[in-house]
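Asks: Would you mind keeping the following structure in view while I ask a few things?
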Protein chains: 4
Amino acid sequence: MKVSIAGATSYTGRELISILLNHPAVKIVHLGGRREERPEISRIFPALAGRCELRVGGLRPEDAPEKPDVTFFALPHGISQKYVPSYLDAGIRCIDFSGDYRLKDLDAYSRYYGTHENPQNLGRAVYGIPELFRKQIRNAELVANPGCYPTSVLLALAPLVGGGHILPDSIIIDAKSGVSGRGNALKTGSLYCECNENLTAYAIGTHRHVPEMEQGLDFLGATGAKVIFVPHLVPMDRGMLSTIYVELTASADTKKLRKIFSDYYSHELFIRIMRPGEQPRTKDVMNTNFCDLAIEAAGNRKAIITSAIDNLTRGAASQAVQNMNIATGIDEKTGLT
Amino acid sequence: MKVSIAGATSYTGRELISILLNHPAVKIVHLGGRREERPEISRIFPALAGRCELRVGGLRPEDAPEKPDVTFFALPHGISQKYVPSYLDAGIRCIDFSGDYRLKDLDAYSRYYGTHENPQNLGRAVYGIPELFRKQIRNAELVANPGCYPTSVLLALAPLVGGGHILPDSIIIDAKSGVSGRGNALKTGSLYCECNENLTAYAIGTHRHVPEMEQGLDFLGATGAKVIFVPHLVPMDRGMLSTIYVELTASADTKKLRKIFSDYYSHELFIRIMRPGEQPRTKDVMNTNFCDLAIEAAGNRKAIITSAIDNLTRGAASQAVQNMNIATGIDEKTGLT
Amino acid sequence: MKVSIAGATSYTGRELISILLNHPAVKIVHLGGRREERPEISRIFPALAGRCELRVGGLRPEDAPEKPDVTFFALPHGISQKYVPSYLDAGIRCIDFSGDYRLKDLDAYSRYYGTHENPQNLGRAVYGIPELFRKQIRNAELVANPGCYPTSVLLALAPLVGGGHILPDSIIIDAKSGVSGRGNALKTGSLYCECNENLTAYAIGTHRHVPEMEQGLDFLGATGAKVIFVPHLVPMDRGMLSTIYVELTASADTKKLRKIFSDYYSHELFIRIMRPGEQPRTKDVMNTNFCDLAIEAAGNRKAIITSAIDNLTRGAASQAVQNMNIATGIDEKTGLT
Amino acid sequence: MKVSIAGATSYTGRELISILLNHPAVKIVHLGGRREERPEISRIFPALAGRCELRVGGLRPEDAPEKPDVTFFALPHGISQKYVPSYLDAGIRCIDFSGDYRLKDLDAYSRYYGTHENPQNLGRAVYGIPELFRKQIRNAELVANPGCYPTSVLLALAPLVGGGHILPDSIIIDAKSGVSGRGNALKTGSLYCECNENLTAYAIGTHRHVPEMEQGLDFLGATGAKVIFVPHLVPMDRGMLSTIYVELTASADTKKLRKIFSDYYSHELFIRIMRPGEQPRTKDVMNTNFCDLAIEAAGNRKAIITSAIDNLTRGAASQAVQNMNIATGIDEKTGLT
């Protein structure tokens, strides 16, 4: 399978290259970027020296020396939508990392992101959390790869939401992310001396992943769910932990709740339910496609769910490869273990 | 004023020494520890070389070369209670960092800590958060210096609780602490390679600070308050951020809520209310006695409070000095700015 | 190929398990440890949950359910030598991570490590830096896997030493290591709050890797070489950078020196020579078997070599697998890319 | 004493403000910056909220509401020289943090920095390492506050250089700095995800501190000294460790060398000589004006000196205050302990 990456010079682009270099069914035929010059990718990411000799070229389908079967878009929102249509027209399967094709509701998109230039392809896009929407992802031409926060949250809530176990307006999400979630753009808040030995909440009530989570909950059956979401920036490269507080529709102890999770994900290789007394640690999922989950009953009909992923792999690049595997009909875990 | 420290070889002991060395009204007359040998304190904490020439001696009042006016106990719970009585008997004012004298309810103590050997002094102890219990701290002979989590949480909740603005059983506390909160005991979970680049929740439903927070809320007027409390360990030396979710008794927007906070703490030097749009950052309170607070309205009659302190200073050593200043009648901010 | 690991509960053991799980020619048949109980390995390293279901059993050859073809010893020095002989007697190929079989000079061993209980196997051991001693490693029954510092240093010096380009008594090595080099034993100096935001030199003039480096230089032709070696502890999990200062036997500019390196390693997949103006960064070799090298001429017939490896992979586990591949005659890079 | 700061929005500016706020003889009358708007300083550095209410105004002497007695310039090189002359003309004592007035040799300045616009004041400038050049600093009108690397290196070499104990062309300096040394300008190399868990050498043979160190050695008596200098970037906020390798003019053991250091600095409060077997740790000098030093004999007439400072305080802000104290005739340690 021939693949290309549009937006190869982002951190998620770099992760994706690393994963695809080890994928036995894939050949990377092209890397695209937004720069004028055409540097070797190893000039930008020296870690790739001796592993990938490609240069970074243009972003259009015709910039690739060979037509890819699949193209990943690791571009910012607003930019993906400028390029995706021509790839779809050329019959190239698209997997987009940005927010551009995630929201079905164009109004919600406008409120959080601005004007959409390619609304006609929204209906074609499949929201790609494999364990939750596997059937829809099969043969999808356009996969909207989810945001990192929504991935960690929806995987954590799906077992309870599907069974009607929680009140849909009771969900409080206290999420914590490593700094790579900010990308490699030059911002004061991304400087080492601003992030190191520091901890802060940000974007309370305004984060773009809120409508995405609420839509995802709706997909899972929690119609009209509203979440309170507070993300935090934690001094580490990668890793994301979401601690989620919910009200249950009926009393349940920890043992029963854990069983709901174990049953729901009993056939899933990449979801690990913690043993009693254990909590997910972001370091245990680092560089992997795993999502580690724990659940504890608390107080009066409440529960606390903790969910750990690596924001760059399960939160972006490895989940995208899992989506590619499913969409193209190859073994889902290929290149991911 | 002559002071001594029992438990000088802990991280909080070290912080306390540093602060007291710069306190203009204080002379440190003795350092006590639990070791057999009598090392210079600078052997244990080389940062103190050239600043403090004392050796670490015994823990009993009679081990000090001069009788102190005030003794700080930076000892673990269960140990403080073995030494405090003889100091009180000798007429020495005691400020205890452990959990031994914080809980008025002996049953709660037993459930979370074990048997108490000195219950007769519980009634004498004053719970020492200066901004909330200043009057009681004046002239107190025994101050129970609060835990770091309860300090950050009670300062955050006091403005709403006092005015009856929140439902006392709605409180969810998602707290994050730097690693120094674990102390310098040798445990696998405190190793650099276990904590660095890692993030995890711990002690869900079992943390000893839960009854302390609930008692503090009761002191503030929220009778019978129950909290859900999830602490997390964050890869940084020091700093604590509590993100607190509450249900309001009446609708209020962010502006109104912020005014409640500003009014409540209008005369407090060490409490800073963030400006609109700003969030507390632990780095901004590092090495200080400040508590930085922000509040945001959220959804339907809910609010989110964020509270940042340095767990070693405001969460232990500098708050203890503030308590000493108040108890002994000197200017409260002496040595703390 | 069946392999087992004696000492699976160390950090290098964990790295080795991770690598071997992805090695297409290998099946792990046994994990041995020094503990009484027999925990699942995922209890000790939760990252391995869902990836490795083995329990940690005994250290003797007969403790394995199937006889391994190769056993790795990730045990401390002094312990490996107690077990290796019985494995050799059973015809099992041994790859030892400790210092026990590295030094040919028993006196040097005694001075730096203490009494050796198995000197008779010293002659049988091959010192395993693949790029430098590949011929000897082929078919070796006992490979002494090198220390992390000597690996980074000898790979850096080999091109100059072999050609007689440097004065053998001029070598100054200023090396810096991440904290995982200290292992997971409980020591105050390994605590997060001792290592984080801190930097220090240690073991000046006494480090056990000194005789190993000098022996390695002797193997490469620098008879009687003496090095000055100052290791430093750097606040990061993994990564090692050695900055090496040498005097040249004849004037040479940077371009010429770089060519010596490029030529020397022209056929080596795992050695990368930096481009002009670039310096190795430990992050670029993290989790890999690469050694990144740069060289600069300096002043009057001097040169500065910088060498970056990951101390846990190239400095231990992945180099051991490379040695296994060579010793057993399979493609050297199998499982390492 | 009235002071102002030109360049208050840099990290060293922030440090300086913090120190001066606690200086009993000082009132900050003005903060100057290079921005158009006039923000409160606490908008830029929230840590200063409640501690400093000043706004950031212009850089010229007339921008201050009151004429300062002393002005600190925490501006980049090339910018200081545009403003210093008018301050000198106005009779204001100047302490400059940049490289603009450090080098006496205009050619050296040009080679490393570019054209100098104010060479006529070079002769007037005093190079301000207090322990080495105290006499010259007294009453100085213009103090060139040294670079962080030269400070750590010259304090380390002074005891040996002054006594003629080392060969002046044998000096090798392997220095390591925390990231704050890079300042808060937006550069890819200063991003958290580029620095964290990473270690690299940089600017080999080209660093601007080389001529400054060589000039300093010349001041101390080592005429024509040439150094080899390799700086490294270490993942920590602040702290600098220089490991220095020298050849001695005569044999000396560690004890004798340590005595030379102890004698040389016997009356210096801010220089601490490590005890036998101890090594300086950057964490022990963090936020202080201390320089911690150790020396070990090595091999054949060689020695290894290690020198730790905090790059933001002793490497910039607190040393500047020490210089101010000396220049203005007040107790040298005022505000620094």
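Scheme for the structure tokens: letters A, B, ... for chains in order shown; per-chain residue numbers from 1; ligand numbers from 1 in order shown.
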Do me a favour and pick out the residues of chain A within 6 Å of chain B, using only C-alpha atoms, as a PyMOL selection string.
Replies: chain A and resi 197-200+236+281-283
Asks: Now that the selection is made, can you save its residues with all heavy atoms as a PDB file, in the first residue's frame?
Replies:
```
ATOM      1  N   GLU A 197       8.208  22.392  35.409  1.00  0.00           N
ATOM      2  CA  GLU A 197       7.913  22.705  36.809  1.00  0.00           C
ATOM      3  C   GLU A 197       6.701  23.615  36.932  1.00  0.00           C
ATOM      4  O   GLU A 197       6.654  24.502  37.776  1.00  0.00           O
ATOM      5  CB  GLU A 197       9.136  23.356  37.486  1.00  0.00           C
ATOM      6  CG  GLU A 197      10.339  22.444  37.602  1.00  0.00           C
ATOM      7  CD  GLU A 197      10.074  21.257  38.520  1.00  0.00           C
ATOM      8  OE1 GLU A 197       9.932  21.457  39.742  1.00  0.00           O
ATOM      9  OE2 GLU A 197       9.986  20.138  38.000  1.00  0.00           O
ATOM     10  N   ASN A 198       5.721  23.375  36.102  1.00  0.00           N
ATOM     11  CA  ASN A 198       4.531  24.213  36.102  1.00  0.00           C
ATOM     12  C   ASN A 198       3.309  23.348  35.804  1.00  0.00           C
ATOM     13  O   ASN A 198       3.429  22.286  35.211  1.00  0.00           O
ATOM     14  CB  ASN A 198       4.666  25.314  35.046  1.00  0.00           C
ATOM     15  CG  ASN A 198       3.745  26.490  35.317  1.00  0.00           C
ATOM     16  OD1 ASN A 198       3.014  26.507  36.305  1.00  0.00           O
ATOM     17  ND2 ASN A 198       3.770  27.468  34.438  1.00  0.00           N
ATOM     18  N   LEU A 199       2.181  23.821  36.216  1.00  0.00           N
ATOM     19  CA  LEU A 199       0.930  23.093  36.010  1.00  0.00           C
ATOM     20  C   LEU A 199      -0.176  24.127  35.999  1.00  0.00           C
ATOM     21  O   LEU A 199      -0.236  24.984  36.880  1.00  0.00           O
ATOM     22  CB  LEU A 199       0.707  22.103  37.162  1.00  0.00           C
ATOM     23  CG  LEU A 199      -0.571  21.276  37.130  1.00  0.00           C
ATOM     24  CD1 LEU A 199      -0.618  20.379  35.914  1.00  0.00           C
ATOM     25  CD2 LEU A 199      -0.640  20.412  38.391  1.00  0.00           C
ATOM     26  N   THR A 200      -1.045  24.027  35.009  1.00  0.00           N
ATOM     27  CA  THR A 200      -2.117  25.005  34.928  1.00  0.00           C
ATOM     28  C   THR A 200      -3.303  24.437  34.151  1.00  0.00           C
ATOM     29  O   THR A 200      -3.133  23.564  33.303  1.00  0.00           O
ATOM     30  CB  THR A 200      -1.615  26.311  34.251  1.00  0.00           C
ATOM     31  OG1 THR A 200      -2.607  27.312  34.369  1.00  0.00           O
ATOM     32  CG2 THR A 200      -1.323  26.104  32.777  1.00  0.00           C
ATOM     33  N   MET A 236       5.380  17.234  30.853  1.00  0.00           N
ATOM     34  CA  MET A 236       5.943  15.999  30.294  1.00  0.00           C
ATOM     35  C   MET A 236       5.722  16.063  28.791  1.00  0.00           C
ATOM     36  O   MET A 236       4.854  16.799  28.325  1.00  0.00           O
ATOM     37  CB  MET A 236       5.301  14.756  30.929  1.00  0.00           C
ATOM     38  CG  MET A 236       3.798  14.666  30.807  1.00  0.00           C
ATOM     39  SD  MET A 236       3.150  13.260  31.786  1.00  0.00           S
ATOM     40  CE  MET A 236       1.478  13.186  31.111  1.00  0.00           C
ATOM     41  N   ARG A 281      -1.306   4.625  34.343  1.00  0.00           N
ATOM     42  CA  ARG A 281      -0.185   5.582  34.378  1.00  0.00           C
ATOM     43  C   ARG A 281       0.169   5.918  32.930  1.00  0.00           C
ATOM     44  O   ARG A 281       0.333   5.019  32.102  1.00  0.00           O
ATOM     45  CB  ARG A 281       1.039   4.970  35.057  1.00  0.00           C
ATOM     46  CG  ARG A 281       0.766   4.315  36.395  1.00  0.00           C
ATOM     47  CD  ARG A 281       2.059   3.900  37.116  1.00  0.00           C
ATOM     48  NE  ARG A 281       3.009   3.248  36.243  1.00  0.00           N
ATOM     49  CZ  ARG A 281       4.300   3.138  36.489  1.00  0.00           C
ATOM     50  NH1 ARG A 281       4.800   3.649  37.620  1.00  0.00           N
ATOM     51  NH2 ARG A 281       5.100   2.530  35.656  1.00  0.00           N
ATOM     52  N   THR A 282       0.335   7.189  32.643  1.00  0.00           N
ATOM     53  CA  THR A 282       0.596   7.549  31.239  1.00  0.00           C
ATOM     54  C   THR A 282       1.873   6.899  30.720  1.00  0.00           C
ATOM     55  O   THR A 282       1.995   6.609  29.531  1.00  0.00           O
ATOM     56  CB  THR A 282       0.705   9.076  31.051  1.00  0.00           C
ATOM     57  OG1 THR A 282       1.763   9.579  31.866  1.00  0.00           O
ATOM     58  CG2 THR A 282      -0.594   9.771  31.398  1.00  0.00           C
ATOM     59  N   LYS A 283       2.818   6.667  31.610  1.00  0.00           N
ATOM     60  CA  LYS A 283       4.088   6.098  31.143  1.00  0.00           C
ATOM     61  C   LYS A 283       3.914   4.685  30.606  1.00  0.00           C
ATOM     62  O   LYS A 283       4.698   4.232  29.779  1.00  0.00           O
ATOM     63  CB  LYS A 283       5.085   6.092  32.309  1.00  0.00           C
ATOM     64  CG  LYS A 283       6.527   6.107  31.866  1.00  0.00           C
ATOM     65  CD  LYS A 283       7.431   6.454  33.022  1.00  0.00           C
ATOM     66  CE  LYS A 283       8.809   6.841  32.540  1.00  0.00           C
ATOM     67  NZ  LYS A 283       9.623   7.412  33.624  1.00  0.00           N
TER      68      LYS A 283
END
```
Asks: Could you please determine the separation between atom CA of Ile330 of chain B and atom CA of Val26 of chain B in Å, to one decimal place?
Replies: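 Distance reported for this atom pair: 11.0 Å.
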Asks: When you draw a straight line from atom CA of Phe261 of chain D to atom CA of Val321 of chain D, how long is it in Å?
Replies: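 Computing it gives 24.6 Å between the two atoms.
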Asks: What's around segment 68-82 of chain A at 7 Å? Count only C-alpha atoms, leave out sequence neighbours fewer than 4 positions away in its own chain, and write the answer as a list of chain:residue names.
Replies: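 Near segment 68-82 of chain A, the qualifying residues are A:Met1, A:Lys2, A:Val3, A:Ser4, A:Ile5, A:Ala6, A:Gly7, A:Ala8, A:Ser10, A:Thr12, A:Gly13, A:Val29, A:Ile92, A:Arg93, A:Cys94, A:Ile95, A:Asp96, A:Phe97, A:Ser98, A:Gly99, A:Asp100, A:Glu117, A:Asn118.
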Asks: Per DSSP on the backbone, what are the alpha helix (DSSP H) residues of segment 144-310 of chain D, as JSON, numbers by chain?
Replies: {"D": [148, 149, 150, 151, 152, 153, 154, 155, 156, 157, 158, 159, 160, 161, 162, 192, 193, 194, 195, 209, 210, 211, 212, 213, 214, 215, 216, 217, 218, 219, 254, 255, 256, 257, 258, 259, 260, 261, 262, 263, 264, 282, 283, 284, 285]}
Asks: Please, what distance in Å, to one decimal, runs between atom CA of Gly329 of chain B and atom CA of Asn139 of chain B?
Replies: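 Atom CA of Asn139 of chain B lies 7.4 Å from atom CA of Gly329 of chain B.
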Asks: Per DSSP on the backbone, what are the strand (DSSP E) residues of segment 64-276 of chain A, as a count of residues only?
Replies: 41
Asks: Excluding same-chain residues fewer than 3 positions from segment 62-64 of chain B, what lies within 8 Å of it counting only C-alpha atoms, as a PyMOL selection string?
Replies: chain B and resi 4+29-32+57-59+67-68
Asks: Set the distance at 8 Å and use only C-alpha atoms: which residues neighbour segment 38-44 of chain B once local chain neighbours fewer than 5 positions away are removed? I'd like the list as a PyMOL selection string.
Replies: chain B and resi 9+49+52-57
Asks: Contacts of segment 149-160 of chain C at 7 Å or less, counting only C-alpha atoms, minus same-chain residues fewer than 5 places along, as a count of residues only?
Replies: 19
Asks: Find the residues near His23 of chain A: any atom within 9 Å, counting only C-alpha atoms, skip ones fewer than 3 places away on the same chain, and give them as a list in words.
Replies: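 Near His23 of chain A, the qualifying residues are Ile19, Leu20, Val26, Lys27, Thr334, Gly335 and Leu336 of chain A.
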Asks: Quick one: of A:Leu167, A:Ala125, A:Val143, A:Ala222, who's nearest to Ala250 of chain A, counting only C-alpha atoms?
Replies: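 With only C-alpha atoms as the atom set, the closest residue is A:Leu167.
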